[in-house]
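Have a look at input.csv; it's CSV, C-alpha atoms and all ligand atoms:
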chain,number,residue,atom,x,y,z
A,1,MET,CA,93.5,-54.9,-55.9
A,2,THR,CA,90.2,-55.5,-57.6
A,3,ILE,CA,86.8,-54.2,-56.4
A,4,ALA,CA,83.5,-55.5,-57.6
A,5,VAL,CA,80.6,-53.0,-57.4
A,6,THR,CA,77.1,-54.3,-57.6
A,7,GLY,CA,74.3,-52.0,-58.7
A,8,ALA,CA,77.1,-50.2,-60.6
A,9,ASN,CA,74.5,-48.2,-62.6
A,10,SER,CA,72.9,-46.7,-59.5
A,11,SER,CA,73.5,-43.1,-58.7
A,12,VAL,CA,75.9,-44.1,-55.9
A,13,GLY,CA,77.6,-46.6,-58.3
A,14,LEU,CA,78.1,-44.1,-61.1
A,15,ASN,CA,79.7,-41.6,-58.7
A,16,LEU,CA,81.9,-44.3,-57.1
A,17,LEU,CA,83.0,-45.4,-60.6
A,18,ALA,CA,84.0,-41.8,-61.3
A,19,HIS,CA,86.1,-41.7,-58.1
A,20,LEU,CA,87.6,-45.1,-59.0
A,21,ALA,CA,88.5,-44.0,-62.5
A,22,ASN,CA,91.3,-41.8,-61.0
A,23,ARG,CA,92.8,-44.8,-59.1
A,24,GLU,CA,95.5,-46.6,-61.1
A,25,ASP,CA,96.1,-49.0,-58.1
A,26,LEU,CA,92.5,-50.3,-58.1
A,27,SER,CA,90.7,-52.4,-60.8
A,28,VAL,CA,87.0,-52.4,-61.0
A,29,VAL,CA,84.4,-55.0,-61.9
A,30,ALA,CA,81.1,-53.1,-62.5
A,31,VAL,CA,78.2,-55.5,-61.9
A,32,VAL,CA,74.8,-54.8,-63.4
A,33,ARG,CA,71.9,-57.0,-64.2
A,34,SER,CA,71.0,-56.1,-67.8
A,35,GLU,CA,72.5,-54.9,-71.1
A,36,ARG,CA,70.5,-51.7,-70.7
A,37,ALA,CA,72.1,-51.0,-67.4
A,38,ALA,CA,75.5,-51.8,-68.8
A,39,GLY,CA,74.9,-49.2,-71.5
A,40,SER,CA,74.4,-46.5,-68.9
A,41,LEU,CA,77.9,-47.0,-67.5
A,42,PRO,CA,80.8,-44.7,-68.6
A,43,SER,CA,82.6,-45.8,-71.7
A,44,SER,CA,85.9,-44.9,-69.9
A,45,LEU,CA,85.7,-48.0,-67.7
A,46,ARG,CA,88.9,-49.9,-68.0
A,47,SER,CA,87.2,-53.3,-68.1
A,48,ALA,CA,83.8,-54.3,-69.6
A,49,PRO,CA,80.8,-54.3,-67.3
A,50,ARG,CA,79.7,-57.8,-66.1
A,51,ILE,CA,76.0,-58.8,-66.2
A,52,ALA,CA,74.8,-61.1,-63.5
A,53,SER,CA,71.5,-62.3,-61.9
A,54,TYR,CA,71.2,-62.4,-58.2
A,55,GLU,CA,69.1,-65.5,-58.6
A,56,ASP,CA,72.1,-67.3,-60.0
A,57,VAL,CA,74.8,-67.4,-57.3
A,58,GLU,CA,77.2,-69.5,-59.4
A,59,GLN,CA,77.1,-66.9,-62.1
A,60,LEU,CA,77.6,-64.1,-59.6
A,61,THR,CA,80.5,-66.0,-58.0
A,62,ARG,CA,82.2,-66.2,-61.4
A,63,VAL,CA,81.6,-62.5,-62.1
A,64,ILE,CA,83.2,-61.4,-58.8
A,65,ALA,CA,85.9,-64.0,-58.7
A,66,GLY,CA,89.3,-62.3,-58.2
A,67,ALA,CA,87.9,-59.3,-56.4
A,68,SER,CA,89.1,-58.8,-52.8
A,69,CYS,CA,86.3,-56.4,-52.0
A,70,VAL,CA,82.6,-56.2,-53.0
A,71,VAL,CA,80.8,-52.9,-52.7
A,72,HIS,CA,77.1,-53.9,-52.6
A,73,LEU,CA,74.9,-51.0,-53.8
A,74,ALA,CA,71.8,-52.7,-55.4
A,75,GLY,CA,68.7,-51.8,-53.5
A,76,VAL,CA,65.5,-49.8,-53.5
A,77,LEU,CA,63.5,-47.4,-51.3
A,78,VAL,CA,60.5,-47.2,-53.6
A,79,GLU,CA,59.1,-50.7,-54.5
A,80,SER,CA,57.8,-51.7,-57.9
A,81,LYS,CA,56.1,-54.9,-59.0
A,82,ALA,CA,59.5,-56.2,-60.0
A,83,SER,CA,61.6,-54.8,-57.2
A,84,THR,CA,60.4,-55.4,-53.6
A,85,TYR,CA,62.2,-54.8,-50.4
A,86,LYS,CA,62.7,-58.5,-50.1
A,87,ASN,CA,64.1,-59.3,-53.5
A,88,ALA,CA,66.1,-56.0,-54.0
A,89,ASN,CA,67.4,-55.3,-50.5
A,90,VAL,CA,67.5,-58.7,-48.7
A,91,ASP,CA,67.8,-61.4,-51.4
A,92,THR,CA,70.5,-59.5,-53.4
A,93,THR,CA,72.5,-59.2,-50.2
A,94,ALA,CA,72.1,-62.9,-49.4
A,95,ALA,CA,73.3,-63.7,-52.9
A,96,VAL,CA,76.3,-61.3,-52.6
A,97,VAL,CA,77.3,-62.8,-49.3
A,98,ASP,CA,77.0,-66.3,-50.7
A,99,ALA,CA,79.0,-65.5,-53.8
A,100,SER,CA,81.6,-63.6,-51.8
A,101,GLN,CA,82.1,-66.6,-49.5
A,102,ARG,CA,82.5,-68.9,-52.5
A,103,ALA,CA,84.9,-66.5,-54.3
A,104,GLY,CA,87.1,-65.9,-51.2
A,105,VAL,CA,86.3,-62.1,-51.1
A,106,GLN,CA,88.0,-60.5,-48.1
A,107,GLN,CA,85.8,-57.4,-47.5
A,108,ILE,CA,82.1,-56.4,-48.2
A,109,VAL,CA,81.1,-52.8,-48.1
A,110,LEU,CA,77.3,-52.3,-47.7
A,111,VAL,CA,75.6,-48.9,-48.2
A,112,SER,CA,72.7,-48.9,-45.8
A,113,VAL,CA,70.5,-46.2,-44.3
A,114,ILE,CA,70.2,-44.3,-41.1
A,115,GLY,CA,67.6,-46.1,-39.0
A,116,ALA,CA,68.2,-49.5,-40.5
A,117,SER,CA,67.2,-52.3,-38.0
A,118,SER,CA,65.9,-55.8,-38.4
A,119,ASP,CA,63.4,-54.9,-35.6
A,120,SER,CA,62.1,-51.8,-37.3
A,121,PRO,CA,58.3,-51.7,-37.8
A,122,ASN,CA,59.1,-49.8,-41.1
A,123,ARG,CA,59.4,-52.4,-43.9
A,124,TYR,CA,62.2,-50.6,-45.7
A,125,LEU,CA,64.3,-50.0,-42.6
A,126,LYS,CA,63.7,-53.6,-41.6
A,127,SER,CA,64.9,-54.9,-45.0
A,128,LYS,CA,68.0,-52.8,-44.8
A,129,GLY,CA,68.5,-54.1,-41.2
A,130,GLU,CA,68.2,-57.7,-42.4
A,131,ALA,CA,70.7,-56.9,-45.2
A,132,GLU,CA,73.1,-55.5,-42.6
A,133,ARG,CA,72.7,-58.7,-40.5
A,134,LEU,CA,73.5,-60.9,-43.4
A,135,VAL,CA,76.7,-59.0,-44.1
A,136,ALA,CA,77.7,-58.8,-40.5
A,137,ASP,CA,77.1,-62.6,-40.0
A,138,SER,CA,79.0,-63.5,-43.2
A,139,GLY,CA,82.3,-64.2,-41.5
A,140,ILE,CA,83.8,-61.8,-44.0
A,141,SER,CA,85.3,-58.4,-42.8
A,142,SER,CA,82.5,-55.9,-43.5
A,143,THR,CA,82.0,-52.2,-43.4
A,144,ILE,CA,78.4,-51.0,-43.2
A,145,ILE,CA,77.9,-47.3,-44.0
A,146,ARG,CA,74.5,-46.0,-43.0
A,147,THR,CA,73.6,-42.8,-44.9
A,148,PRO,CA,70.8,-40.2,-44.9
A,149,ILE,CA,69.4,-38.7,-48.0
A,150,LEU,CA,72.1,-38.4,-50.7
A,151,LEU,CA,72.5,-35.4,-52.8
A,152,GLY,CA,74.4,-35.6,-56.1
A,153,ARG,CA,74.0,-36.3,-59.8
A,154,GLY,CA,71.2,-38.8,-60.4
A,155,THR,CA,70.0,-39.2,-56.8
A,156,ALA,CA,66.3,-39.2,-56.2
A,157,GLY,CA,66.9,-36.7,-53.4
A,158,ALA,CA,68.6,-34.1,-55.6
A,159,ALA,CA,66.1,-34.6,-58.5
A,160,GLY,CA,63.1,-34.1,-56.1
A,161,LEU,CA,64.7,-31.1,-54.4
A,162,VAL,CA,65.3,-29.3,-57.7
A,163,ARG,CA,61.9,-30.2,-59.0
A,164,VAL,CA,60.1,-28.9,-56.0
A,165,ALA,CA,62.1,-25.7,-55.8
A,166,SER,CA,61.4,-25.0,-59.5
A,167,GLN,CA,57.6,-24.6,-58.8
A,168,ASN,CA,55.8,-21.4,-58.0
A,169,LYS,CA,53.8,-23.1,-55.3
A,170,VAL,CA,54.3,-26.4,-53.4
A,171,ARG,CA,52.8,-28.4,-50.6
A,172,LEU,CA,55.4,-30.3,-48.7
A,173,LEU,CA,54.7,-33.3,-46.5
A,174,ASP,CA,54.0,-32.1,-43.0
A,175,GLY,CA,55.1,-28.6,-44.2
A,176,GLY,CA,58.7,-29.9,-44.5
A,177,ARG,CA,59.1,-29.7,-40.8
A,178,TYR,CA,61.4,-32.8,-40.5
A,179,THR,CA,65.1,-32.4,-40.1
A,180,MET,CA,67.6,-33.8,-42.7
A,181,ARG,CA,71.3,-34.2,-42.7
A,182,PRO,CA,71.9,-34.4,-46.5
A,183,LEU,CA,75.2,-36.1,-47.5
A,184,ASP,CA,77.1,-35.2,-50.6
A,185,LEU,CA,77.4,-38.2,-53.0
A,186,ASP,CA,81.1,-37.5,-53.4
A,187,ASP,CA,81.6,-37.7,-49.6
A,188,LEU,CA,80.0,-41.2,-49.6
A,189,SER,CA,82.3,-42.3,-52.4
A,190,ARG,CA,85.3,-41.0,-50.4
A,191,ALA,CA,84.0,-42.9,-47.4
A,192,ILE,CA,83.7,-46.1,-49.3
A,193,LEU,CA,87.2,-45.7,-50.6
A,194,ALA,CA,88.5,-45.0,-47.1
A,195,ALA,CA,86.9,-48.2,-45.9
A,196,ILE,CA,88.5,-50.1,-48.7
A,197,ARG,CA,91.9,-48.6,-48.0
A,198,THR,CA,91.9,-49.4,-44.3
A,199,GLN,CA,90.1,-52.8,-44.6
A,200,PRO,CA,89.3,-53.1,-40.9
A,201,GLU,CA,89.0,-56.6,-39.4
A,202,GLY,CA,85.5,-57.8,-38.3
A,203,VAL,CA,82.4,-55.7,-38.6
A,204,SER,CA,82.3,-51.9,-38.6
A,205,ILE,CA,79.1,-49.9,-38.7
A,206,HIS,CA,79.4,-46.2,-39.5
A,207,GLU,CA,76.7,-43.6,-39.5
A,208,LEU,CA,77.8,-40.9,-42.0
A,209,VAL,CA,75.6,-37.8,-42.4
A,210,GLY,CA,76.2,-34.4,-43.9
A,211,PRO,CA,77.6,-31.4,-42.0
A,212,GLU,CA,74.4,-29.4,-41.6
A,213,ALA,CA,71.1,-30.3,-40.1
A,214,VAL,CA,68.3,-28.5,-42.0
A,215,ARG,CA,64.5,-28.7,-42.1
A,216,TYR,CA,63.3,-29.8,-45.5
A,217,HIS,CA,61.2,-26.6,-45.7
A,218,ASP,CA,64.3,-24.5,-45.3
A,219,LEU,CA,66.3,-26.6,-47.7
A,220,VAL,CA,63.6,-26.2,-50.4
A,221,ALA,CA,63.4,-22.4,-49.7
A,222,ARG,CA,67.2,-22.1,-49.9
A,223,VAL,CA,67.4,-23.9,-53.3
A,224,ALA,CA,64.5,-21.8,-54.6
A,225,HIS,CA,66.4,-18.7,-53.5
A,226,MET,CA,69.6,-19.9,-55.2
A,227,MET,CA,67.5,-20.4,-58.4
A,228,GLY,CA,66.1,-16.9,-58.1
A,229,ARG,CA,62.6,-18.2,-57.7
A,230,ASP,CA,59.8,-16.9,-55.5
A,231,LEU,CA,58.3,-20.0,-54.0
A,232,SER,CA,55.2,-20.3,-51.9
A,233,ILE,CA,55.4,-23.3,-49.5
A,234,GLY,CA,52.3,-24.9,-48.0
A,235,THR,CA,51.5,-28.1,-46.1
A,236,MET,CA,50.3,-31.5,-47.1
A,237,PRO,CA,49.1,-33.2,-43.9
A,238,LEU,CA,50.8,-36.5,-43.3
A,239,TRP,CA,47.6,-38.4,-42.8
A,240,ILE,CA,46.2,-37.4,-46.2
A,241,ALA,CA,49.5,-38.2,-47.9
A,242,ARG,CA,49.7,-41.6,-46.2
A,243,ALA,CA,46.1,-42.4,-47.1
A,244,GLY,CA,46.6,-41.4,-50.7
A,245,ALA,CA,49.9,-43.3,-51.0
A,246,ALA,CA,48.3,-46.4,-49.4
A,247,ILE,CA,45.6,-46.5,-52.2
A,248,THR,CA,47.9,-45.6,-55.2
A,249,SER,CA,50.7,-47.9,-54.2
A,250,ARG,CA,48.3,-50.8,-53.7
A,251,ILE,CA,46.6,-50.2,-57.1
A,252,ARG,CA,50.0,-49.8,-58.9
A,253,GLY,CA,51.8,-52.5,-57.0
A,254,GLY,CA,54.5,-50.1,-56.0
A,255,GLY,CA,55.4,-46.4,-56.0
A,256,VAL,CA,55.4,-44.0,-53.1
A,257,SER,CA,53.8,-45.9,-50.2
A,258,PRO,CA,53.1,-44.9,-46.5
A,259,THR,CA,56.4,-46.8,-45.7
A,260,VAL,CA,58.3,-44.5,-48.1
A,261,ILE,CA,56.6,-41.4,-46.6
A,262,ASP,CA,57.6,-42.4,-43.1
A,263,VAL,CA,61.2,-42.8,-44.2
A,264,ILE,CA,61.3,-39.5,-46.0
A,265,THR,CA,59.7,-37.6,-43.1
A,266,ALA,CA,61.7,-39.1,-40.3
A,267,ASP,CA,64.3,-36.8,-38.6
A,268,GLU,CA,67.8,-37.9,-39.6
A,269,ALA,CA,70.0,-37.9,-36.6
A,270,VAL,CA,73.1,-39.8,-35.4
A,271,GLU,CA,74.9,-40.0,-32.1
A,272,THR,CA,78.4,-39.8,-33.6
A,273,ASN,CA,79.1,-38.8,-37.2
A,274,ALA,CA,81.6,-41.1,-38.8
A,275,ASP,CA,83.4,-38.4,-40.8
A,276,ILE,CA,86.3,-38.2,-38.4
A,277,GLU,CA,86.7,-42.0,-38.0
A,278,LEU,CA,86.6,-42.4,-41.8
A,279,GLY,CA,88.9,-39.4,-42.3
A,280,ILE,CA,86.4,-37.6,-44.6
A,281,ASN,CA,86.2,-33.8,-44.9
A,282,LEU,CA,82.5,-33.2,-45.3
A,283,THR,CA,81.4,-31.0,-48.2
A,284,PRO,CA,79.6,-27.9,-46.9
A,285,LEU,CA,75.9,-28.1,-47.8
A,286,SER,CA,76.0,-24.8,-49.7
A,287,THR,CA,78.7,-26.4,-52.0
A,288,THR,CA,76.6,-29.5,-52.5
A,289,LEU,CA,73.6,-27.4,-53.4
A,290,GLU,CA,75.6,-25.4,-56.0
A,291,LYS,CA,76.8,-28.7,-57.5
A,292,ILE,CA,73.3,-30.2,-57.8
A,293,LEU,CA,72.0,-27.0,-59.5
A,294,SER,CA,74.9,-26.9,-61.9
A,295,ASP,CA,74.4,-30.7,-62.7
A,296,SER,CA,70.7,-30.0,-63.2
A,297,ASP,CA,71.5,-27.1,-65.7
A,298,ARG,CA,73.9,-29.3,-67.5
A,299,ASP,CA,71.5,-32.3,-67.7
A,300,ARG,CA,68.6,-30.2,-69.0
A,401,LIG,N1,69.8,-42.4,-52.7
A,401,LIG,C1,69.7,-42.2,-51.4
A,401,LIG,O1,69.4,-41.1,-50.9
A,401,LIG,C2,70.1,-43.4,-50.5
A,401,LIG,C3,70.0,-43.2,-49.1
A,401,LIG,C4,70.4,-44.3,-48.2
A,401,LIG,C5,70.8,-45.5,-48.8
A,401,LIG,N2,70.8,-45.7,-50.1
A,401,LIG,C6,71.2,-47.0,-50.6
A,401,LIG,O2,72.3,-46.8,-51.6
A,401,LIG,C7,72.2,-47.8,-52.6
A,401,LIG,C8,72.2,-47.1,-53.9
A,401,LIG,O3,71.1,-46.2,-54.0
A,401,LIG,P1,70.8,-45.3,-55.2
A,401,LIG,O4,69.8,-44.3,-54.8
A,401,LIG,O5,72.1,-44.9,-55.9
A,401,LIG,O6,70.1,-46.4,-56.2
A,401,LIG,P2,69.4,-46.2,-57.6
A,401,LIG,O7,70.1,-45.1,-58.4
A,401,LIG,O8,67.9,-46.1,-57.3
A,401,LIG,O9,69.7,-47.6,-58.3
A,401,LIG,C9,69.1,-48.8,-57.7
A,401,LIG,C10,70.0,-49.9,-58.1
A,401,LIG,O10,69.5,-51.1,-57.5
A,401,LIG,C11,69.3,-52.1,-58.6
A,401,LIG,N3,68.1,-52.8,-58.3
A,401,LIG,C12,66.8,-52.4,-58.2
A,401,LIG,N4,66.0,-53.4,-58.0
A,401,LIG,C13,66.7,-54.6,-57.9
A,401,LIG,C14,66.4,-55.9,-57.8
A,401,LIG,N5,65.2,-56.4,-57.6
A,401,LIG,N6,67.5,-56.8,-57.8
A,401,LIG,C15,68.7,-56.4,-58.0
A,401,LIG,N7,69.1,-55.1,-58.2
A,401,LIG,C16,68.1,-54.2,-58.2
A,401,LIG,C17,69.1,-51.2,-59.8
A,401,LIG,O11,69.4,-52.0,-60.9
A,401,LIG,P3,68.5,-51.9,-62.3
A,401,LIG,O12,68.8,-50.6,-62.9
A,401,LIG,O13,68.9,-53.1,-63.1
A,401,LIG,O14,67.1,-52.0,-61.8
A,401,LIG,C18,70.2,-50.2,-59.6
A,401,LIG,O15,71.5,-50.6,-59.8
A,401,LIG,C19,70.9,-48.6,-52.3
A,401,LIG,O16,71.2,-49.8,-51.6
A,401,LIG,C20,70.1,-47.6,-51.4
A,401,LIG,O17,69.2,-48.3,-50.6
A,401,LIG,C21,70.5,-44.6,-51.0
Do you think you could lay out the structure here as structure tokens?
Amino acid sequence: MTIAVTGANSSVGLNLLAHLANREDLSVVAVVRSERAAGSLPSSLRSAPRIASYEDVEQLTRVIAGASCVVHLAGVLVESKASTYKNANVDTTAAVVDASQRAGVQQIVLVSVIGASSDSPNRYLKSKGEAERLVADSGISSTIIRTPILLGRGTAGAAGLVRVASQNKVRLLDGGRYTMRPLDLDDLSRAILAAIRTQPEGVSIHELVGPEAVRYHDLVARVAHMMGRDLSIGTMPLWIARAGAAITSRIRGGGVSPTVIDVITADEAVETNADIELGINLTPLSTTLEKILSDSDRDR
């Protein structure tokens, strides 16, 4: 069975490729959009990465031809001049759906986000909701996995957490009072593989969060303690952060915007965690934190 992975150079993609490397029964087509991105993929890949543009559906169709499943990972939370919610989150998904239909793909797995909704007033959550809808309406069996903040090698969440916990003094957005359910990156890869293994008919939407709810303030304090640091944590009022981000993101044409701040500071909650349905044993948060600290030591 062949699986095509778009955005293969993303943090989720690199982790998934590592999990797939142990699976002799699965072949992988790693899809990226530049030579630079191809160069960041592991040299142990059994077949050469494929470069494709989402603006060229015929080329994308050729690249994924022969795959029975496409795992679509390309997407952004923080916009830049080149990558907007529309082109990175919505248009890439439309292209993947179109190419999958042409190539006769049997399953699409989309990594989405907790809170995704095409009706959301938040532009990021709305774009992810629109992407979900495109996949769900594709006529191809699809698995949508909504995730919270992901912690693992290369994730923005892990990098931010270690960076903040390494300071002597920090001011967290709203004092870090919001509640998170961080998910271990390895657990997400296991969930994707479980979805591929079971290949359910129709459309399945799973909300998969980590095993422990924790306020960001307490998470930062815990990581600082694990690092042996004495950290003083203060508050950055949300209205100041939003106002600053509105100005800087407008001047730069991207970066942290009020939309991003609203996503980061939203409480992450689900009615039913999908770990049982997907057959995943969630990694305890303490183990995940030890892993990201050891990754950070190794990468330094
Ligand atoms: N990280 C999290 O905490 C989190 C939480 C919930 C959901 N997710 C979702 O999980 C997926 C992977 O996230 P990640 O954090 O691992 O991503 P990442 O490391 O930030 O990588 C982003 C990926 O998207 C591609 N991309 C960016 N702009 C693009 C555009 N305009 N057109 C096509 N591709 C574009 C990048 O390719 P280039 O390198 O070529 O730019 C790269 O492969 C995303 O869909 C994200 O929304 C992540």
Using all atoms listed in the file, what does the table of chain A residues within 8 Å of ligand LIG 401 (chain A) look like, with each row giving the shortest atom pair and its distance in Å to one decimal, sorted by chain and ascending number, as CSV?
residue,atom,partner,partner_atom,distance
A:Thr6,CA,A:LIG401,O15,7.1
A:Gly7,CA,A:LIG401,O15,3.3
A:Ala8,CA,A:LIG401,O15,5.7
A:Asn9,CA,A:LIG401,O15,4.8
A:Ser10,CA,A:LIG401,O7,3.4
A:Ser11,CA,A:LIG401,O5,3.6
A:Val12,CA,A:LIG401,O5,3.9
A:Gly13,CA,A:LIG401,O5,6.2
A:Leu14,CA,A:LIG401,O5,8.0
A:Val32,CA,A:LIG401,O13,6.1
A:Arg33,CA,A:LIG401,O13,5.0
A:Ser34,CA,A:LIG401,O13,6.0
A:Arg36,CA,A:LIG401,O13,7.9
A:Ala37,CA,A:LIG401,O12,5.6
A:Ser53,CA,A:LIG401,C15,7.6
A:Tyr54,CA,A:LIG401,C15,6.5
A:His72,CA,A:LIG401,O16,7.3
A:Leu73,CA,A:LIG401,C7,4.4
A:Ala74,CA,A:LIG401,O10,3.5
A:Gly75,CA,A:LIG401,O16,3.7
A:Val76,CA,A:LIG401,O17,4.9
A:Leu77,CA,A:LIG401,O17,5.8
A:Ala82,CA,A:LIG401,N5,6.2
A:Ser83,CA,A:LIG401,N5,4.0
A:Thr84,CA,A:LIG401,N5,6.3
A:Tyr85,CA,A:LIG401,N5,8.0
A:Asn87,CA,A:LIG401,N5,5.1
A:Ala88,CA,A:LIG401,N5,3.7
A:Asn89,CA,A:LIG401,O16,6.8
A:Asp91,CA,A:LIG401,N6,7.9
A:Thr92,CA,A:LIG401,C15,5.8
A:Leu110,CA,A:LIG401,O16,7.7
A:Val111,CA,A:LIG401,O2,5.2
A:Ser112,CA,A:LIG401,C5,4.9
A:Val113,CA,A:LIG401,C4,4.3
A:Ile114,CA,A:LIG401,C4,7.1
A:Lys128,CA,A:LIG401,O17,7.4
A:Arg146,CA,A:LIG401,C4,6.8
A:Thr147,CA,A:LIG401,C4,4.8
A:Pro148,CA,A:LIG401,C3,5.2
A:Ile149,CA,A:LIG401,O1,3.8
A:Leu150,CA,A:LIG401,O1,3.8
A:Leu151,CA,A:LIG401,O1,6.8
A:Gly154,CA,A:LIG401,O7,6.7
A:Thr155,CA,A:LIG401,N1,5.2
A:Ala156,CA,A:LIG401,N1,5.9
A:Gly157,CA,A:LIG401,O1,5.6
Original post:
What's the 8 Å shell around Val203 in chain A, counting all atoms listed in the file, without same-chain residues fewer than 3 positions away, as a list in words?
Top reply: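 Counting only the stated atoms, we get Ala136, Ser141, Ser142, Thr143, Ile144 and Pro200 of chain A.
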Can those selected residues be exported to a file as a tab-separated table (two decimals), in the frame of the given file so that it contains C-alpha atoms?
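In the end it all went to again.tsv:
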chain	number	residue	atom	x	y	z
A	136	ALA	CA	77.70	-58.80	-40.50
A	141	SER	CA	85.30	-58.40	-42.80
A	142	SER	CA	82.50	-55.90	-43.50
A	143	THR	CA	82.00	-52.20	-43.40
A	144	ILE	CA	78.40	-51.00	-43.20
A	200	PRO	CA	89.30	-53.10	-40.90
Original post:
How far is it from CA of Val214 in chain A to CA of Arg181 in chain A, in Å with one decimal?
Top reply: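 Separation between CA of Val214 in chain A and CA of Arg181 in chain A: 6.5 Å.
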Original post:
Can you tell me how far CA of Gly129 in chain A sits from CA of Ala95 in chain A, in Å to one decimal?
Top reply: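 We find that CA of Gly129 in chain A and CA of Ala95 in chain A lie 15.9 Å from each other.
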Go through range 205-230 of chain A and flag each residue having an atom no more than 9 Å from range 263-284 of chain A; for those, report the closest pair of atoms plus their distance in Å to one decimal, using only C-alpha atoms, ordered by chain and rising number, as a Markdown table.
| residue | atom | partner | partner_atom | distance |
| --- | --- | --- | --- | --- |
| A:His206 | CA | A:Ala274 | CA | 5.6 |
| A:Glu207 | CA | A:Ala274 | CA | 5.5 |
| A:Leu208 | CA | A:Ala274 | CA | 5.0 |
| A:Val209 | CA | A:Asn273 | CA | 6.3 |
| A:Gly210 | CA | A:Leu282 | CA | 6.6 |
| A:Pro211 | CA | A:Leu282 | CA | 6.2 |
| A:Glu212 | CA | A:Pro284 | CA | 7.6 |
| A:Ala213 | CA | A:Glu268 | CA | 8.3 |
| A:Arg215 | CA | A:Asp267 | CA | 8.8 |
| A:Tyr216 | CA | A:Thr265 | CA | 8.9 |
For Ser166 in chain A, list every protein, DNA or RNA residue within 9 Å, evaluated using all atoms listed in the file, and leave out those in the same chain fewer than 6 positions away; present the list as a JSON list (two decimals) with C-alpha atoms, keeping the file's coordinate frame.
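Final output, saved to part-v3.json:
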[["chain", "number", "residue", "atom", "x", "y", "z"],
["A", 223, "VAL", "CA", 67.40, -23.90, -53.30],
["A", 224, "ALA", "CA", 64.50, -21.80, -54.60],
["A", 227, "MET", "CA", 67.50, -20.40, -58.40],
["A", 229, "ARG", "CA", 62.60, -18.20, -57.70],
["A", 231, "LEU", "CA", 58.30, -20.00, -54.00]]
Original post:
Expressed in Å to a single decimal, how great is the separation between CA of Thr198 in chain A and CA of Glu24 in chain A?
Top reply: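 If I compute the distance from CA of Thr198 in chain A to CA of Glu24 in chain A, I get 17.4 Å.
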Subject >> Spatial neighbours of Ala48 in chain A, max dist 9 Å, only C-alpha atoms, sep filter under 6 positions, as a PyMOL selection string >> reply: chain A and resi 29-30+38
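Residues within 12 Å of Ala158 in chain A, counting all atoms listed in the file and excluding same-chain residues fewer than 4 positions away, are Ser11, Ile149, Leu150, Leu151, Gly152, Arg153, Gly154, Val162, Arg163, Val164, Ala165, Pro182, Leu183, Asp184, Leu185, Leu219, Val220, Val223, Thr288, Leu289, Glu290, Lys291, Ile292, Leu293, Ser294, Asp295 and Ser296 of chain A.
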Original post:
Of the candidates A:Gly253, A:Gly244, A:Gly176, A:Gly139, which shows the shortest atom-to-atom distance to Glu201 in chain A, using all atoms listed in the file?
Top reply: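 The shortest atom-to-atom distance to Glu201 in chain A comes from A:Gly139.
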